[in-house]
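Colleague: start27.cif is reproduced in full below (mmCIF, C-alpha atoms).
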```cif
data_query
#
loop_
_atom_site.label_atom_id
_atom_site.label_comp_id
_atom_site.auth_asym_id
_atom_site.auth_seq_id
_atom_site.Cartn_x
_atom_site.Cartn_y
_atom_site.Cartn_z
CA MET A 230 80.25 129.17 100.23
CA GLU A 231 83.27 129.33 97.92
CA CYS A 232 82.60 128.08 94.40
CA SER A 233 85.65 125.80 94.63
CA PHE A 234 83.86 123.57 97.16
CA PRO A 235 82.02 121.49 94.53
CA ASN A 236 85.22 120.92 92.55
CA ASN A 237 87.20 119.95 95.65
CA LEU A 238 84.47 117.61 96.84
CA ALA A 239 84.35 115.82 93.48
CA ALA A 240 88.13 115.76 93.09
CA LEU A 241 88.64 114.07 96.47
CA ARG A 242 86.16 111.37 95.53
CA HIS A 243 87.86 110.79 92.18
CA GLU A 244 91.25 110.55 93.90
CA ARG A 245 89.94 107.69 95.98
CA GLY A 246 88.51 106.03 92.92
CA ILE A 247 85.06 105.56 94.44
CA SER A 248 81.62 106.07 92.96
CA GLN A 249 79.10 108.70 93.98
CA LYS A 250 76.93 105.93 95.35
CA THR A 251 79.69 104.62 97.63
CA ALA A 252 80.61 108.10 98.86
CA ALA A 253 76.99 109.09 99.39
CA GLU A 254 76.30 106.01 101.50
CA ALA A 255 79.39 106.67 103.64
CA LEU A 256 78.38 110.31 104.09
CA GLY A 257 74.77 109.49 104.96
CA ILE A 258 73.06 111.24 102.06
CA SER A 259 71.47 110.22 98.76
CA GLN A 260 73.49 109.91 95.58
CA ALA A 261 71.31 112.57 93.97
CA LEU A 262 72.06 115.06 96.75
CA LEU A 263 75.80 114.38 96.56
CA SER A 264 75.63 114.91 92.82
CA HIS A 265 74.00 118.31 93.43
CA TYR A 266 76.74 119.24 95.91
CA GLU A 267 79.48 118.23 93.50
CA LYS A 268 77.91 120.20 90.65
CA GLY A 269 77.28 123.27 92.81
CA ILE A 270 73.52 123.07 92.29
CA ARG A 271 72.88 123.06 96.03
CA GLU A 272 74.85 124.24 99.05
CA CYS A 273 75.49 121.83 101.90
CA GLY A 274 75.08 122.47 105.60
CA LEU A 275 77.77 122.62 108.26
CA ASP A 276 77.04 119.05 109.39
CA PHE A 277 77.75 117.62 105.94
CA LEU A 278 80.84 119.77 105.55
CA CYS A 279 82.30 118.33 108.76
CA ARG A 280 81.42 114.75 107.76
CA ALA A 281 82.99 115.18 104.34
CA ALA A 282 86.16 116.68 105.80
CA ASP A 283 86.51 113.75 108.20
CA TYR A 284 85.71 111.20 105.50
CA TYR A 285 88.32 112.50 103.06
CA GLY A 286 90.89 113.31 105.72
CA VAL A 287 91.13 117.03 104.95
CA THR A 288 90.23 120.24 106.72
CA ALA A 289 86.98 122.10 106.11
CA ASP A 290 89.06 125.06 104.93
CA TYR A 291 90.57 122.90 102.21
CA LEU A 292 87.14 121.73 101.07
CA LEU A 293 85.96 125.34 100.96
CA GLY A 294 88.96 126.44 98.95
CA ARG A 295 90.35 128.67 101.69
CA THR A 296 93.74 126.92 101.76
CA ASP A 297 95.81 124.62 99.56
CA ARG A 298 96.95 122.53 102.56
CA ARG A 299 94.83 119.45 103.01
CA THR A 300 95.61 119.05 106.69
CA GLY A 301 96.93 121.26 109.43
CA PHE A 302 100.03 119.12 109.85
CA SER A 303 102.66 121.83 109.54
CA THR A 304 100.79 125.05 110.19
CA ALA A 305 102.19 127.33 112.86
CA ASP A 306 99.15 127.14 115.13
CA ASP A 307 99.07 123.35 115.31
CA SER A 308 99.42 121.84 118.75
CA ALA A 309 102.28 119.47 119.50
CA HIS A 310 99.70 116.79 120.24
CA THR A 311 98.18 117.10 116.76
CA GLN A 312 101.57 116.86 115.08
CA ARG A 313 102.50 113.79 117.10
CA ARG A 314 99.20 112.13 116.17
CA GLU A 315 99.85 112.83 112.49
CA LEU A 316 103.38 111.41 112.72
CA CYS A 317 102.04 108.26 114.37
CA ARG A 318 99.56 107.82 111.53
CA ILE A 319 102.31 108.26 108.97
CA LEU A 320 104.51 105.67 110.67
CA GLU A 321 101.60 103.21 110.81
CA LEU A 322 101.05 103.75 107.07
CA LEU A 323 104.73 103.11 106.29
CA TYR A 324 104.85 100.06 108.54
CA ASP A 325 101.81 98.64 106.77
CA ILE A 326 103.51 99.06 103.41
CA ALA A 327 106.66 97.41 104.77
CA ASP A 328 104.56 94.56 106.22
CA LYS A 329 103.15 93.87 102.75
CA ALA A 330 106.71 93.14 101.65
CA ALA A 331 107.54 91.04 104.72
CA GLY A 332 110.52 88.80 104.18
CA SER A 333 111.95 90.96 101.40
CA PRO A 334 115.02 93.22 101.56
CA LEU A 335 112.65 96.19 101.45
CA ALA A 336 110.95 95.34 104.74
CA ASP A 337 114.15 94.42 106.57
CA GLY A 338 116.02 97.43 105.24
CA TRP A 339 113.35 99.93 106.21
CA ASP A 340 113.05 98.56 109.74
CA ALA A 341 116.83 98.73 110.21
CA PHE A 342 116.93 102.28 108.83
CA LEU A 343 114.14 103.44 111.13
CA ARG A 344 115.69 101.90 114.23
CA ALA A 345 119.02 103.61 113.56
CA ALA A 346 117.22 106.90 112.90
CA VAL A 347 115.31 106.61 116.19
CA TYR A 348 118.58 105.90 118.02
CA ARG A 349 120.23 108.99 116.54
CA SER A 350 117.30 111.31 117.22
CA ALA A 351 116.76 109.90 120.73
CA ARG A 352 120.41 110.34 121.59
CA LEU A 353 120.48 113.93 120.33
CA LEU A 354 117.42 114.78 122.41
CA LEU A 355 118.49 113.00 125.60
CA GLU A 356 122.02 114.41 125.50
CA ALA A 357 120.57 117.89 125.25
CA CYS A 358 118.70 117.37 128.54
CA ASP A 359 120.00 118.09 132.03
CA GLY A 360 121.02 115.34 134.43
CA ARG A 361 123.27 112.43 133.55
CA PRO A 362 122.08 111.18 130.14
CA GLN A 363 125.55 109.76 129.41
CA GLU A 364 124.67 106.91 131.78
CA LEU A 365 122.30 105.62 129.10
CA PHE A 366 125.04 105.02 126.56
CA SER A 367 128.24 103.01 126.40
CA LEU A 368 129.67 104.64 123.27
CA GLN A 369 131.12 108.12 122.96
CA SER A 370 128.64 110.46 121.28
CA VAL A 371 130.51 111.47 118.12
CA LYS A 372 131.58 107.91 117.33
CA ALA A 373 128.11 106.53 118.03
CA GLN A 374 126.40 109.07 115.78
CA ALA A 375 128.84 108.37 112.95
CA ALA A 376 128.41 104.60 113.34
CA ALA A 377 124.61 104.93 113.44
CA ALA A 378 124.76 107.04 110.28
CA GLY A 379 126.71 104.18 108.71
CA LEU A 380 123.99 101.72 109.70
CA MET A 381 121.40 103.98 108.06
CA ASP A 382 123.47 104.14 104.87
CA MET A 383 123.76 100.34 104.75
CA ALA A 384 120.02 99.99 105.36
CA ALA A 385 119.32 102.55 102.64
CA ALA A 386 121.39 100.45 100.23
CA ARG A 387 119.13 97.49 101.01
CA LEU A 388 116.12 99.67 100.25
CA ALA A 389 117.43 100.61 96.81
CA PRO A 390 115.56 98.99 93.90
CA PRO A 391 117.03 95.68 92.74
CA VAL A 392 119.72 96.14 90.10
CA ILE A 393 121.40 93.88 87.57
CA ASP A 394 124.99 92.91 88.27
CA THR A 395 126.25 93.42 84.74
CA ALA A 396 129.49 91.57 85.47
CA ARG A 397 127.66 88.35 86.31
CA GLY A 398 124.29 89.01 84.71
CA VAL A 399 122.36 88.21 87.88
CA LEU A 400 119.74 90.06 89.87
CA GLN A 401 120.91 91.51 93.15
CA GLN A 402 118.63 91.78 96.20
CA PRO A 403 116.28 88.91 95.26
CA GLY A 404 113.01 88.82 97.16
CA ARG A 405 109.31 89.48 96.98
CA PRO A 406 108.24 92.32 94.68
CA ALA A 407 107.62 95.60 96.48
CA PRO A 408 103.98 96.71 96.87
CA TYR A 409 102.60 98.96 94.13
CA VAL A 410 102.56 102.61 95.27
CA SER A 411 101.02 105.69 93.69
CA LYS A 412 99.44 108.87 94.99
CA GLU A 413 95.97 107.61 94.11
CA ARG A 414 96.58 104.22 95.73
CA LEU A 415 97.88 105.80 98.95
CA LEU A 416 94.86 108.10 99.21
CA ALA A 417 92.50 105.21 98.54
CA ASP A 418 94.14 102.71 100.91
CA TYR A 419 95.04 105.16 103.71
CA PRO A 420 92.49 107.99 103.62
CA ASP A 421 93.28 109.09 107.19
CA ALA A 422 97.09 109.08 106.99
CA ALA A 423 97.99 109.60 103.32
CA PRO A 424 97.10 113.33 103.24
CA SER A 425 99.42 113.93 106.20
CA LEU A 426 102.20 111.94 104.54
CA LEU A 427 101.83 113.86 101.28
CA LEU A 428 101.88 117.17 103.13
CA LEU A 429 104.98 116.16 105.11
CA LEU A 430 106.78 115.15 101.90
CA GLN A 431 105.82 118.45 100.29
CA ASP A 432 106.87 120.48 103.33
CA ILE A 433 110.29 118.80 103.68
CA GLU A 434 111.01 118.98 99.95
CA GLU A 435 110.23 122.69 99.96
CA LYS A 436 112.84 123.13 102.69
CA LEU A 437 115.32 120.96 100.78
CA VAL A 438 114.81 122.96 97.59
CA TYR A 439 115.40 126.16 99.52
CA SER A 440 118.59 124.84 101.11
CA LEU A 441 119.90 123.44 97.81
CA THR A 442 119.18 126.75 96.10
CA ARG A 443 120.82 128.74 98.84
CA PHE A 444 123.82 126.42 99.13
CA PRO A 445 124.38 124.94 95.64
CA GLU A 446 126.71 122.02 95.03
CA PRO A 447 130.36 122.86 94.39
CA SER A 448 131.34 122.92 90.72
CA GLY A 449 132.03 119.46 89.34
CA VAL A 450 130.12 117.60 92.07
CA HIS A 451 127.24 115.39 90.90
CA THR A 452 124.84 113.11 92.71
#
```
Take the structure in the file and give it back as structure tokens.
Modeller:
Amino acid sequence: MECSFPNNLAALRHERGISQKTAAEALGISQALLSHYEKGIRECGLDFLCRAADYYGVTADYLLGRTDRRTGFSTADDSAHTQRRELCRILELLYDIADKAAGSPLADGWDAFLRAAVYRSARLLLEACDGRPQELFSLQSVKAQAAAAGLMDMAAARLAPPVIDTARGVLQQPGRPAPYVSKERLLADYPDAAPSLLLLLQDIEEKLVYSLTRFPEPSGVHT
């Protein structure tokens, strides 16, 4: 077994912020045995490896140090079914966060943004199919996509953090405070979905960095 297994096993527990006793009880072993696994004093069996991978929401390969990817979300050999399941988990996680801010601009803005995004993606897919998909829509495609993009921009503005209107000295976007979010909190509160979300964010940002490097901004343009 790779020597990185003990370190990975301990690191995942620390990320969740749970004690050895809590983890050991959930994994069906004694605290002393878990301590030995985390220190590399003893090697675990296949049964424990599978339980630990399921418990922490990672692959066995990640626990063994064979890959840096915690889940198989974006690997080439993933099935479409697996990817859809991971996306559903991510959406449930995001909806739960939005629900915690119910009644605030954050919750309303995110729901509006997502609905417009679903409309745009659904229309792109359906219009690429055979048959008569135009019967589903009353607006011309180019105009509809541009208008939907505008709705997403307006919703994104509502999602922006509250700012001070310096001209009047008042707080814009009043409402309930947004839920506290951190990597550790996400992993602790959503052990099944958070690893997939973090991997998706990493994967998309890698693509964005590549595209921004390949096609840099024109001189004098700043975001």
Colleague: Write out as a list in words which residues come within 8 Å of Phe342 of chain A when counting all atoms listed in the file, dropping same-chain ones fewer than 6 positions away.
Modeller: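 Counting only the stated atoms, we get Leu380, Met381, Asp382, Ala384 and Ala385 of chain A.
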Colleague: Find the residue from A:Pro408, A:Arg349, A:Pro235, A:Ala417 that sits nearest to Asp325 of chain A; use only C-alpha atoms when measuring.
Modeller: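 With only C-alpha atoms as the atom set, the closest residue is A:Pro408.
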Colleague: Going by the chain IDs and residue numbers used in this file, which residues fall under the PyMOL selection byres ((chain A and resi 288) around 12)? Write them as a PyMOL selection string.
Modeller: chain A and resi 234+237-238+278-287+289-302+421+424-425
Colleague: Write out the residues from the selection above, keeping C-alpha atoms, as a PDB file, in the frame of the given file.
Modeller:
```pdb
ATOM      1  CA  PHE A 234      83.860 123.570  97.160  1.00  0.00           C
ATOM      2  CA  ASN A 237      87.200 119.950  95.650  1.00  0.00           C
ATOM      3  CA  LEU A 238      84.470 117.610  96.840  1.00  0.00           C
ATOM      4  CA  LEU A 278      80.840 119.770 105.550  1.00  0.00           C
ATOM      5  CA  CYS A 279      82.300 118.330 108.760  1.00  0.00           C
ATOM      6  CA  ARG A 280      81.420 114.750 107.760  1.00  0.00           C
ATOM      7  CA  ALA A 281      82.990 115.180 104.340  1.00  0.00           C
ATOM      8  CA  ALA A 282      86.160 116.680 105.800  1.00  0.00           C
ATOM      9  CA  ASP A 283      86.510 113.750 108.200  1.00  0.00           C
ATOM     10  CA  TYR A 284      85.710 111.200 105.500  1.00  0.00           C
ATOM     11  CA  TYR A 285      88.320 112.500 103.060  1.00  0.00           C
ATOM     12  CA  GLY A 286      90.890 113.310 105.720  1.00  0.00           C
ATOM     13  CA  VAL A 287      91.130 117.030 104.950  1.00  0.00           C
ATOM     14  CA  ALA A 289      86.980 122.100 106.110  1.00  0.00           C
ATOM     15  CA  ASP A 290      89.060 125.060 104.930  1.00  0.00           C
ATOM     16  CA  TYR A 291      90.570 122.900 102.210  1.00  0.00           C
ATOM     17  CA  LEU A 292      87.140 121.730 101.070  1.00  0.00           C
ATOM     18  CA  LEU A 293      85.960 125.340 100.960  1.00  0.00           C
ATOM     19  CA  GLY A 294      88.960 126.440  98.950  1.00  0.00           C
ATOM     20  CA  ARG A 295      90.350 128.670 101.690  1.00  0.00           C
ATOM     21  CA  THR A 296      93.740 126.920 101.760  1.00  0.00           C
ATOM     22  CA  ASP A 297      95.810 124.620  99.560  1.00  0.00           C
ATOM     23  CA  ARG A 298      96.950 122.530 102.560  1.00  0.00           C
ATOM     24  CA  ARG A 299      94.830 119.450 103.010  1.00  0.00           C
ATOM     25  CA  THR A 300      95.610 119.050 106.690  1.00  0.00           C
ATOM     26  CA  GLY A 301      96.930 121.260 109.430  1.00  0.00           C
ATOM     27  CA  PHE A 302     100.030 119.120 109.850  1.00  0.00           C
ATOM     28  CA  ASP A 421      93.280 109.090 107.190  1.00  0.00           C
ATOM     29  CA  PRO A 424      97.100 113.330 103.240  1.00  0.00           C
ATOM     30  CA  SER A 425      99.420 113.930 106.200  1.00  0.00           C
TER      31      SER A 425
END
```
Colleague: Between atom CA of Leu427 of chain A and atom CA of Trp339 of chain A, what distance in Å does the model show, to one decimal?
Modeller: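 Result for atom CA of Leu427 of chain A versus atom CA of Trp339 of chain A: 18.7 Å, one decimal.
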Colleague: Identify which of the residues A:Ala255, A:Ala239, A:Leu416, A:Leu426 lies closest to Gln312 of chain A, counting all atoms listed in the file when measuring atom-to-atom distances.
Modeller: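 When distances to Gln312 of chain A are compared using all atoms listed in the file, the smallest one comes from A:Leu426.
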Colleague: Can you list what the PyMOL selection byres ((chain A and resi 246) around 12) grabs from this structure, as a PyMOL selection string?
Modeller: chain A and resi 239-245+247-252+412-418+420
Colleague: May I ask for the distance between atom CA of Ala422 of chain A and atom CA of Cys273 of chain A, given in Å to one decimal place?
Modeller: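 Result for atom CA of Ala422 of chain A versus atom CA of Cys273 of chain A: 25.6 Å, one decimal.
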Colleague: Segment 263-276 of chain A, all listed atoms, 3 Å padding on each side: what axis-aligned box centre and edge lengths in Å to one decimal come out, as AutoDock Vina command-line options?
Modeller:
```
--center_x 76.2 --center_y 119.3 --center_z 100.0 --size_x 12.6 --size_y 15.9 --size_z 24.7
```
Colleague: With all atoms listed in the file as the atoms that count, which of A:Leu275, A:Leu437, A:Ala330, A:Ala377 lies nearest to Ala351 of chain A?
Modeller: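 When distances to Ala351 of chain A are compared using all atoms listed in the file, the smallest one comes from A:Ala377.
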Colleague: What does the distance between atom CA of Ala386 of chain A and atom CA of Ala341 of chain A come to in Å, to one decimal place?
Modeller: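 So the two atoms, atom CA of Ala386 of chain A and atom CA of Ala341 of chain A, lie 11.1 Å apart.
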Colleague: Just checking: using only C-alpha atoms, which residue out of A:Ala345, A:Tyr409, A:Arg387, A:Gln431 ends up closest to Ala375 of chain A?
Modeller: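 Result for the nearest residue to Ala375 of chain A: A:Ala345.
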Colleague: Tell me which residues the PyMOL selection byres ((chain A and resi 374) around 12) grabs here, as a VMD selection string.
Modeller: chain A and resid 345 to 353 356 366 368 to 373 375 to 381
Colleague: Identify which of the residues A:Leu429, A:Ala331, A:Ile270, A:Leu388 lies closest to Asn236 of chain A, counting all atoms listed in the file when measuring atom-to-atom distances.
Modeller: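 Nearest candidate to Asn236 of chain A out of A:Leu429, A:Ala331, A:Ile270, A:Leu388: A:Ile270.
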